[in-house]
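Enquirer: Got work_37.txt for you, compact mmCIF, C-alpha atoms:
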```
# COMPACT_ATOMS: atom_id res chain seq x y z
CA MET A 1 0.00 0.00 0.00
CA GLN A 2 1.27 3.44 -0.91
CA GLU A 3 1.92 5.70 2.04
CA LEU A 4 1.54 9.44 2.05
CA ALA A 5 4.55 11.47 3.14
CA LEU A 6 3.90 13.44 6.29
CA PRO A 7 2.94 17.03 5.57
CA MET A 8 6.17 18.48 6.90
CA THR A 9 8.46 16.17 4.97
CA GLY A 10 10.53 18.13 2.55
CA GLY A 11 12.78 17.09 -0.29
CA GLU A 12 12.21 16.23 -3.91
CA GLY A 13 10.33 13.01 -3.19
CA GLY A 14 7.91 14.81 -0.89
CA ARG A 15 7.28 17.51 -3.53
CA THR A 16 6.65 14.87 -6.21
CA GLN A 17 4.18 13.09 -3.96
CA ASP A 18 2.53 16.41 -3.13
CA SER A 19 2.09 17.31 -6.80
CA GLU A 20 0.73 13.83 -7.58
CA LEU A 21 -1.65 14.14 -4.66
CA ALA A 22 -2.75 17.60 -5.83
CA LEU A 23 -3.49 16.13 -9.26
CA LEU A 24 -5.51 13.32 -7.68
CA VAL A 25 -7.45 15.82 -5.60
CA ARG A 26 -8.23 17.90 -8.70
CA ARG A 27 -9.45 14.79 -10.52
CA ALA A 28 -11.51 13.72 -7.52
CA LYS A 29 -13.02 17.23 -7.38
CA ALA A 30 -14.08 16.79 -10.98
CA GLY A 31 -16.04 13.69 -9.96
CA ASP A 32 -13.45 11.00 -10.73
CA VAL A 33 -14.34 8.24 -8.25
CA VAL A 34 -11.17 6.27 -9.00
CA ALA A 35 -9.07 9.33 -8.10
CA PHE A 36 -11.08 9.78 -4.91
CA GLU A 37 -10.40 6.16 -3.96
CA GLN A 38 -6.68 6.75 -4.48
CA VAL A 39 -6.82 9.83 -2.24
CA LEU A 40 -8.62 7.73 0.34
CA ARG A 41 -6.03 4.95 0.14
CA LEU A 42 -3.20 7.44 0.58
CA HIS A 43 -4.67 8.83 3.79
CA GLU A 44 -6.68 6.00 5.33
CA ARG A 45 -3.90 4.62 7.53
CA ARG A 46 -3.10 7.99 9.14
CA VAL A 47 -6.75 8.87 9.65
CA PHE A 48 -7.63 5.47 11.10
CA LEU A 49 -4.63 5.29 13.46
CA THR A 50 -5.13 8.86 14.65
CA ALA A 51 -8.78 8.09 15.37
CA LEU A 52 -7.80 4.83 17.09
CA ARG A 53 -5.40 6.68 19.42
CA LEU A 54 -7.98 9.32 20.22
CA LEU A 55 -10.91 6.94 20.73
CA ASP A 56 -9.31 3.71 22.10
CA SER A 57 -11.74 1.61 20.14
CA ALA A 58 -11.24 0.01 16.74
CA GLU A 59 -14.97 0.09 16.00
CA ASP A 60 -15.22 3.77 16.88
CA ALA A 61 -12.07 4.46 14.85
CA LYS A 62 -13.62 2.78 11.81
CA ASP A 63 -16.77 4.86 12.21
CA ALA A 64 -14.67 7.99 12.61
CA ALA A 65 -12.55 7.26 9.53
CA GLN A 66 -15.68 6.57 7.49
CA GLU A 67 -17.21 9.89 8.56
CA VAL A 68 -13.96 11.77 7.82
CA PHE A 69 -13.81 10.48 4.24
CA LEU A 70 -17.51 11.05 3.62
CA ARG A 71 -17.05 14.63 4.81
CA LEU A 72 -14.05 14.91 2.50
CA HIS A 73 -16.18 13.75 -0.42
CA ARG A 74 -18.93 16.23 0.42
CA HIS A 75 -16.42 19.05 0.93
CA LEU A 76 -14.23 18.26 -2.05
CA ARG A 77 -15.86 20.63 -4.54
CA ARG A 78 -15.15 23.55 -2.21
CA PHE A 79 -11.66 22.37 -1.24
CA ASP A 80 -8.91 24.77 -2.26
CA ASP A 81 -6.50 22.39 -4.01
CA THR A 82 -3.60 24.79 -3.55
CA ARG A 83 -3.73 23.82 0.14
CA GLU A 84 -2.44 20.59 1.62
CA LEU A 85 -5.06 17.99 2.32
CA ALA A 86 -3.43 16.33 5.34
CA PRO A 87 -3.96 19.22 7.84
CA TRP A 88 -7.61 19.42 6.79
CA LEU A 89 -7.97 15.67 7.34
CA TYR A 90 -6.32 15.85 10.77
CA ARG A 91 -8.63 18.69 11.79
CA VAL A 92 -11.74 16.83 10.68
CA THR A 93 -10.49 13.61 12.31
CA VAL A 94 -10.04 15.38 15.65
CA ASN A 95 -13.48 16.99 15.39
CA VAL A 96 -15.21 13.75 14.40
CA CYS A 97 -13.47 11.92 17.25
CA ARG A 98 -14.62 14.58 19.70
CA ASP A 99 -18.19 14.13 18.46
CA ILE A 100 -18.01 10.35 18.69
CA GLY A 101 -16.34 10.49 22.10
CA ALA A 102 -19.06 12.78 23.38
CA ARG A 103 -21.82 10.66 21.88
CA ARG A 104 -20.70 7.20 22.87
CA SER A 105 -19.70 5.86 26.19
CA ARG A 106 -16.20 4.57 25.92
CA ASP A 107 -15.97 0.83 25.68
CA GLU A 108 -13.18 -1.01 27.41
CA ALA A 109 -11.69 -2.46 24.25
CA LEU A 110 -7.91 -2.16 24.17
CA PRO A 111 -6.23 -0.65 21.14
CA LEU A 112 -5.50 -3.41 18.65
CA GLU A 113 -1.80 -3.55 19.35
CA LEU A 114 -2.23 -3.65 23.12
CA ALA A 115 -4.81 -6.37 22.89
CA ALA A 116 -2.35 -8.64 21.14
CA ALA A 117 -0.08 -9.29 24.15
CA PRO A 118 0.11 -8.38 27.85
CA PRO A 119 2.68 -5.68 28.71
CA ALA A 120 6.14 -6.83 29.82
CA PRO A 121 9.11 -4.68 30.85
CA ASP A 122 11.37 -4.70 27.82
CA TRP A 123 11.77 -2.20 24.99
CA SER A 124 8.92 -3.33 22.74
CA ASP A 125 6.72 -3.48 25.79
CA GLU A 126 7.72 0.02 26.80
CA ARG A 127 6.04 1.01 23.57
CA ARG A 128 2.93 -0.79 24.75
CA ILE A 129 3.12 0.86 28.16
CA VAL A 130 3.45 4.28 26.55
CA ALA A 131 0.37 3.52 24.47
CA MET A 132 -1.50 2.58 27.65
CA GLY A 133 -0.38 5.82 29.28
CA LEU A 134 -1.69 7.68 26.28
CA ARG A 135 -5.16 6.30 26.96
CA ARG A 136 -5.16 7.85 30.42
CA LEU A 137 -4.47 11.37 29.26
CA PRO A 138 -7.19 14.01 29.22
CA GLU A 139 -8.73 14.41 25.77
CA ARG A 140 -7.04 17.66 24.77
CA GLU A 141 -3.61 16.67 26.04
CA ARG A 142 -3.90 13.36 24.27
CA ALA A 143 -4.87 15.03 20.99
CA ALA A 144 -1.94 17.45 21.26
CA LEU A 145 0.53 14.65 22.05
CA VAL A 146 -0.76 12.32 19.32
CA LEU A 147 -0.46 15.03 16.68
CA ARG A 148 2.88 16.39 17.90
CA ASP A 149 4.82 13.31 18.96
CA ILE A 150 3.24 10.43 17.07
CA GLU A 151 2.07 12.12 13.87
CA GLY A 152 5.05 14.47 14.00
CA LEU A 153 3.24 17.70 13.11
CA PRO A 154 5.01 20.97 13.97
CA THR A 155 3.62 22.79 17.00
CA ALA A 156 2.11 25.54 14.82
CA GLU A 157 0.29 22.95 12.72
CA VAL A 158 -1.01 21.17 15.84
CA ALA A 159 -2.33 24.52 17.08
CA ARG A 160 -4.14 25.10 13.77
CA VAL A 161 -5.63 21.59 13.78
CA LEU A 162 -6.83 21.90 17.38
CA GLY A 163 -7.93 25.52 17.02
CA SER A 164 -5.78 26.73 19.88
CA SER A 165 -2.64 28.77 20.37
CA GLU A 166 0.91 27.46 20.09
CA ALA A 167 1.49 28.35 23.75
CA THR A 168 -1.49 26.20 24.75
CA VAL A 169 -0.24 23.31 22.63
CA ARG A 170 3.24 23.55 24.18
CA SER A 171 1.71 23.52 27.65
CA GLN A 172 -0.49 20.51 26.81
CA VAL A 173 2.38 18.62 25.20
CA SER A 174 4.71 19.30 28.12
CA SER A 175 2.11 18.17 30.65
CA ALA A 176 1.26 15.06 28.62
CA ARG A 177 4.90 14.04 28.26
CA LEU A 178 5.42 14.31 32.00
CA LYS A 179 2.30 12.24 32.69
CA ILE A 180 3.40 9.57 30.23
CA LYS A 181 6.82 9.40 31.84
CA ARG A 182 5.31 9.08 35.31
CA PHE A 183 2.96 6.37 34.07
CA VAL A 184 5.87 4.44 32.56
CA ASP A 185 7.89 4.85 35.79
CA ARG A 186 5.01 3.58 37.93
CA PHE A 187 4.25 0.69 35.57
CA LEU A 188 7.86 -0.46 35.40
CA ARG A 189 8.29 -0.20 39.19
CA ARG A 190 5.13 -2.28 39.69
CA ALA A 191 6.30 -4.86 37.20
CA MET B 1 12.24 19.72 45.01
CA ALA B 2 14.08 22.77 43.66
CA CYS B 3 14.35 21.17 40.19
CA ALA B 4 10.59 20.64 39.85
CA ARG B 5 10.18 23.97 38.09
CA PHE B 6 12.51 22.72 35.35
CA GLU B 7 10.47 19.60 34.59
CA PRO B 8 7.92 21.20 32.20
CA LEU B 9 10.79 23.00 30.47
CA ILE B 10 12.83 19.80 30.16
CA ALA B 11 9.76 18.08 28.69
CA LEU B 12 9.76 20.69 25.91
CA HIS B 13 13.56 20.72 25.63
CA VAL B 14 13.70 16.97 24.81
CA GLY B 15 11.06 17.45 22.11
CA GLY B 16 12.97 20.33 20.51
CA GLU B 17 10.25 22.93 21.17
CA LEU B 18 12.38 24.86 23.63
CA VAL B 19 15.97 26.01 23.28
CA ALA B 20 16.71 27.75 26.57
CA PRO B 21 20.25 28.46 27.79
CA GLU B 22 18.93 28.39 31.35
CA VAL B 23 17.69 24.80 30.96
CA GLU B 24 20.86 23.67 29.22
CA ALA B 25 23.00 25.21 31.95
CA HIS B 26 20.89 23.48 34.61
CA LEU B 27 21.18 20.11 32.87
CA ARG B 28 24.98 20.49 32.78
CA THR B 29 25.13 20.95 36.54
CA CYS B 30 22.25 18.72 37.82
CA ALA B 31 22.74 14.96 37.47
CA GLU B 32 19.22 14.23 38.71
CA CYS B 33 17.67 16.39 35.99
CA ARG B 34 19.97 14.83 33.39
CA GLY B 35 18.60 11.42 34.40
CA PHE B 36 15.09 12.83 34.25
CA ALA B 37 15.74 14.14 30.73
CA GLU B 38 17.16 10.78 29.61
CA GLU B 39 14.07 8.95 30.88
CA LEU B 40 11.88 11.45 29.09
CA GLU B 41 13.84 10.91 25.88
CA HIS B 42 13.29 7.19 26.29
CA SER B 43 9.51 7.51 26.60
CA GLN B 44 9.57 10.03 23.73
CA ALA B 45 11.30 7.46 21.54
CA ALA B 46 8.66 4.90 22.48
CA LEU B 47 5.94 7.39 21.55
CA ARG B 48 7.58 8.17 18.22
CA SER B 49 7.85 4.47 17.47
CA LEU B 50 4.05 4.29 17.45
CA ARG B 51 4.29 6.31 14.23
CA GLU B 52 5.46 3.15 12.44
CA GLU B 53 2.53 1.09 13.67
CA GLU B 54 0.65 -0.67 10.89
CA ALA B 55 -3.09 -0.39 10.71
CA PRO B 56 -4.98 -3.66 10.29
CA ALA B 57 -5.63 -4.13 6.58
CA ALA B 58 -9.08 -5.62 7.23
CA ALA B 59 -10.17 -2.53 9.15
CA LEU B 60 -8.93 -0.21 6.39
CA ALA B 61 -10.63 -2.30 3.71
CA GLU B 62 -13.87 -2.25 5.67
CA VAL B 63 -13.78 1.53 6.04
CA ARG B 64 -12.89 1.98 2.36
CA GLY B 65 -15.75 -0.29 1.30
CA ARG B 66 -18.24 1.54 3.50
CA VAL B 67 -17.16 4.93 2.18
CA LEU B 68 -17.20 3.92 -1.49
CA ASP B 69 -20.57 2.16 -1.11
CA GLU B 70 -22.05 5.25 0.50
CA ILE B 71 -20.69 7.48 -2.25
CA ALA B 72 -21.94 5.13 -4.97
CA SER B 73 -25.41 5.15 -3.45
CA ARG B 74 -25.47 8.95 -3.55
CA LYS B 75 -23.60 9.73 -6.73
CA PRO B 76 -25.92 9.04 -9.66
CA SER B 77 -28.62 11.49 -8.61
CA TRP B 78 -28.46 13.47 -11.86
CA TRP B 79 -28.26 10.30 -13.93
CA PHE B 80 -31.29 8.74 -12.28
CA ALA B 81 -33.12 12.04 -12.52
CA LEU B 82 -32.40 12.11 -16.22
CA ARG B 83 -33.55 8.53 -16.60
CA TRP B 84 -36.81 9.39 -14.87
CA HIS B 85 -37.28 12.35 -17.17
CA TYR B 86 -36.79 10.17 -20.19
CA ALA B 87 -39.19 7.60 -18.79
CA LEU B 88 -41.84 10.25 -18.22
CA ALA B 89 -41.24 12.07 -21.49
CA PRO B 90 -43.58 9.96 -23.66
CA ALA B 91 -46.41 10.34 -21.14
CA ALA B 92 -45.86 14.09 -20.96
CA ALA B 93 -45.74 14.29 -24.74
CA ALA B 94 -48.99 12.34 -25.04
CA VAL B 95 -50.72 14.73 -22.64
CA ALA B 96 -49.35 17.72 -24.58
CA LEU B 97 -50.58 16.20 -27.84
CA VAL B 98 -54.11 15.63 -26.53
CA VAL B 99 -54.27 19.20 -25.24
CA ALA B 100 -52.94 20.57 -28.52
CA LEU B 101 -55.45 18.63 -30.59
CA SER B 102 -58.42 19.55 -28.38
CA LEU B 103 -57.62 23.26 -28.70
CA ARG B 104 -57.25 23.16 -32.50
CA PRO B 105 -60.28 24.51 -34.45
CA PRO B 106 -62.11 21.78 -36.40
CA LEU B 107 -61.27 21.51 -40.09
CA PRO B 108 -64.16 21.53 -42.55
CA PRO B 109 -64.91 18.10 -43.98
CA SER B 110 -63.35 17.58 -47.34
CA PRO B 111 -62.70 14.56 -49.49
CA GLY B 112 -59.43 15.95 -50.69
CA PRO B 113 -56.24 16.72 -48.97
CA PRO B 114 -56.40 19.55 -46.37
CA SER B 115 -54.68 22.03 -48.66
CA LEU B 116 -57.31 21.61 -51.38
CA SER B 117 -60.28 21.90 -49.02
CA LEU B 118 -59.40 25.35 -47.72
CA PRO B 119 -60.78 27.42 -50.54
CA ALA B 120 -64.22 25.87 -49.86
CA PRO B 121 -65.29 28.33 -47.09
CA ALA B 122 -64.69 31.24 -49.47
CA ILE B 123 -67.11 29.79 -52.04
CA ALA B 124 -69.67 29.02 -49.34
CA LYS B 125 -69.33 32.55 -47.98
CA SER B 126 -70.37 34.11 -51.26
CA ALA B 127 -73.47 31.89 -51.40
CA SER B 128 -74.63 32.45 -47.84
CA PRO B 129 -76.55 35.50 -46.47
CA PRO B 130 -74.32 38.43 -45.49
CA SER B 131 -75.63 38.46 -41.89
CA VAL B 132 -74.09 35.10 -41.17
CA ARG B 133 -70.49 35.59 -40.57
CA ARG B 134 -68.27 32.75 -39.75
CA PRO B 135 -64.84 33.28 -38.32
CA ALA B 136 -62.29 33.46 -41.05
CA PRO B 137 -60.47 30.19 -41.37
CA LYS B 138 -56.82 30.23 -40.58
CA PRO B 139 -54.49 30.18 -43.49
CA ALA B 140 -53.26 26.81 -44.57
CA ALA B 141 -49.70 27.64 -43.57
CA ALA B 142 -50.79 28.30 -39.96
CA LEU B 143 -52.69 25.04 -39.76
CA ARG B 144 -49.80 23.09 -41.10
CA GLU B 145 -47.27 24.76 -38.83
CA PRO B 146 -45.93 22.16 -36.42
CA LEU B 147 -46.60 22.61 -32.73
CA LEU B 148 -43.51 22.87 -30.55
CA VAL B 149 -43.81 21.48 -27.02
CA LYS B 150 -40.96 22.44 -24.74
CA MET B 151 -40.62 20.39 -21.54
CA PHE B 152 -38.37 21.61 -18.77
CA THR B 153 -36.76 19.14 -16.41
CA ASP B 154 -35.23 19.52 -12.96
CA ASP B 155 -31.87 19.66 -14.61
CA PRO B 156 -31.48 23.13 -16.21
CA ASP B 157 -29.22 21.60 -18.86
CA VAL B 158 -31.88 19.18 -20.05
CA VAL B 159 -34.88 20.48 -22.02
CA ILE B 160 -37.04 18.12 -24.05
CA TYR B 161 -38.52 19.47 -27.31
CA TRP B 162 -41.50 17.73 -28.92
CA LEU B 163 -42.55 18.66 -32.48
CA ILE B 164 -46.14 17.84 -33.44
CA ASP B 165 -47.23 18.33 -37.07
CA ALA B 166 -50.71 19.30 -38.30
CA GLU B 167 -51.85 15.69 -38.63
CA GLY B 168 -51.07 15.04 -35.04
CA GLY B 169 -47.97 13.02 -35.84
CA SER B 170 -44.65 13.80 -34.35
```
How does the structure come out when it is put into structure tokens?
Expert:
Amino acid sequence: MQELALPMTGGEGGRTQDSELALLVRRAKAGDVVAFEQVLRLHERRVFLTALRLLDSAEDAKDAAQEVFLRLHRHLRRFDDTRELAPWLYRVTVNVCRDIGARRSRDEALPLELAAAPPAPDWSDERRIVAMGLRRLPERERAALVLRDIEGLPTAEVARVLGSSEATVRSQVSSARLKIKRFVDRFLRRA
Amino acid sequence: MACARFEPLIALHVGGELVAPEVEAHLRTCAECRGFAEELEHSQAALRSLREEEAPAAALAEVRGRVLDEIASRKPSWWFALRWHYALAPAAAAVALVVALSLRPPLPPSPGPPSLSLPAPAIAKSASPPSVRRPAPKPAAALREPLLVKMFTDDPDVVIYWLIDAEGGS
């Protein structure tokens, strides 16, 4: 499966992918369903995983991803194709996840990766522990940390996606990192 | 702890959001905070490694299928509308034809073709009393002029024209 370069990746390859993506978006805007499917395939992994980290539930993440791409299809005619699509998708993903989170009581399903094996104190399991710590963060801190540290967006972009200031994002990210570290410390000590 | 005030700053320092000489100077002199920063870097690396996580292909395929099905069920609105218009067009044309024929003045009976029968009212007029005046028959050209029925559809780009000739054919 082809993977979309992250929005902030530079270089010739990134520019080529961007121009190909812009062409696909223009074709999709003109009603080309095949082009729309290609746009969807290029972004589905990022949208789904972001939703999964924000919602903790694979079923909710699937619903969220579906809603994001249906909104994209509805919005496409008005989309300014000189702009990058990824920030728009992140913003809609966060908003849809907020709506779903507010509407549904959270189920206790573990994220897919965590469900696969119980945590154990070695490196690969530290990754699992960090993911568990992520689930315990308040909604806004979690969104800021997911976008900044996992998705790798610049702080300014995270602020635009979340509709807040860069100072607020920095504060949320700092607080979230400290909470994750404390969670990892406690978990490893208990183990 | 005196170093507690540095913790939020160190959390930003390890992520590259903050370049502060004060924090760097403190880290050079405080072993405890250096350890704290190293542990933070470790959990940061674990967080960043989640970026490489693969999404389950079945889940992605399911979402893709749901989205494309939904779009396919919405998309052909104009096409179906057009098909409905075409399906209704003959019925609409038949109604228009009946209306057009019922409004047409009756032609005088004549054994010959309609064009030859038209002079007949003029001959009859000269033989009849002057007080009886019949409406002047329309010229032959007007009677033979085809009737144009223009049917508008919901789609502004689609207009159906129906031409009906004097004999009621189309």
Enquirer: At a cut-off of 9 Å, using only C-alpha atoms, what residues contact A:Val96? Leave out same-chain residues fewer than 2 positions from it and give the result as a ChimeraX atom specification.
Expert: /A:51,64-65,67-68,91-94,98-101
Enquirer: Taking into account all atoms listed in the file, which residue in the set B:Arg5, B:Arg104, B:His26, B:Arg66 is nearest to chain A?
Expert: B:Arg66
Enquirer: For a quick check of understanding, using all atoms listed in the file, which of A:Gly152, A:Pro138, A:Gly163, A:Pro87 has the smallest distance to chain B?
Expert: A:Gly152
Enquirer: Extract, using only C-alpha atoms, all DNA, RNA and protein residues at most 10 Å from A:Leu24, discarding same-chain residues fewer than 2 positions from it, and format them as an MDAnalysis selection string.
Expert: chainID A and resid 18:22 26:30 32 34:39 81
Enquirer: Using all atoms listed in the file, which residues of chain B come within 10 Å of chain A, and what is the closest atom pair for each, with the distance in Å to one decimal? Give it as CSV, sorted by chain and residue number.
Expert:
```
residue,atom,partner,partner_atom,distance
B:Glu7,CA,A:Leu178,CA,7.8
B:Pro8,CA,A:Ser174,CA,5.5
B:Leu9,CA,A:Ser174,CA,7.5
B:Ile10,CA,A:Ser174,CA,8.4
B:Ala11,CA,A:Ser174,CA,5.2
B:Leu12,CA,A:Ser174,CA,5.7
B:His13,CA,A:Ser174,CA,9.3
B:Val14,CA,A:Ser174,CA,9.9
B:Gly15,CA,A:Asp149,CA,8.1
B:Glu17,CA,A:Arg170,CA,7.7
B:Leu18,CA,A:Arg170,CA,9.2
B:Phe36,CA,A:Lys181,CA,9.3
B:Glu39,CA,A:Lys181,CA,7.3
B:Leu40,CA,A:Lys181,CA,6.1
B:Glu41,CA,A:Lys181,CA,9.3
B:His42,CA,A:Lys181,CA,8.8
B:Ser43,CA,A:Lys181,CA,6.2
B:Gln44,CA,A:Asp149,CA,7.5
B:Ala45,CA,A:Arg127,CA,8.6
B:Ala46,CA,A:Arg127,CA,4.8
B:Leu47,CA,A:Ile150,CA,6.0
B:Arg48,CA,A:Ile150,CA,5.0
B:Ser49,CA,A:Arg127,CA,7.2
B:Leu50,CA,A:Ile150,CA,6.2
B:Arg51,CA,A:Ile150,CA,5.1
B:Glu52,CA,A:Ile150,CA,8.9
B:Glu53,CA,A:Leu49,CA,8.3
B:Glu54,CA,A:Arg45,CA,7.7
B:Ala55,CA,A:Arg45,CA,6.0
B:Pro56,CA,A:Leu112,CA,8.4
B:Ala57,CA,A:Arg45,CA,9.0
B:Ala59,CA,A:Lys62,CA,6.9
B:Leu60,CA,A:Glu44,CA,6.7
B:Ala61,CA,A:Arg41,CA,9.3
B:Glu62,CA,A:Lys62,CA,7.9
B:Val63,CA,A:Gln66,CA,5.6
B:Arg64,CA,A:Gln66,CA,7.4
B:Gly65,CA,A:Gln66,CA,9.2
B:Arg66,CA,A:Gln66,CA,6.9
B:Val67,CA,A:Gln66,CA,5.8
B:Leu68,CA,A:Glu37,CA,7.6
B:Glu70,CA,A:Leu70,CA,8.0
B:Ile71,CA,A:Leu70,CA,7.6
B:Ala72,CA,A:Val33,CA,8.8
B:Lys75,CA,A:Gly31,CA,9.1
```
Enquirer: Give me, please, the distance in Å between atom CA of B:Val99 and atom CA of B:Val149, quoted to one decimal.
Expert: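 Distance between the two atoms: 10.9 Å.
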Enquirer: Find the distance between atom CA of B:Ala58 and atom CA of A:Leu153 and write it in Å to one decimal.
Expert: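 Between atom CA of B:Ala58 and atom CA of A:Leu153 the gap works out to 27.0 Å.
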Enquirer: For atom CA of B:Pro21 and atom CA of A:Glu166, determine how far apart the two atoms are, in Å to one decimal place.
Expert: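 Between atom CA of B:Pro21 and atom CA of A:Glu166 the gap is 20.8 Å.
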Enquirer: Smallest atom-to-atom distance to A:Arg103: which of A:Leu137, A:Leu85, A:Leu76, A:Leu55, using only C-alpha atoms?
Expert: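 Under the stated criterion, the closest residue is A:Leu55.
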Enquirer: When distances are computed from all atoms listed in the file, which of B:Val23, B:Ala37, B:Val159, B:Ile164 shows the smallest separation from B:Ala96?
Expert: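 Counting all atoms listed in the file, the residue closest to B:Ala96 is B:Ile164.
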Enquirer: For each of B:Ala20, B:Ala31, B:Leu103, B:Leu97, take the minimum atom-to-atom distance to B:Leu148, counting only C-alpha atoms, then give the residue where this is smallest.
Expert: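 That would be B:Leu97, the residue with the smallest distance to B:Leu148.
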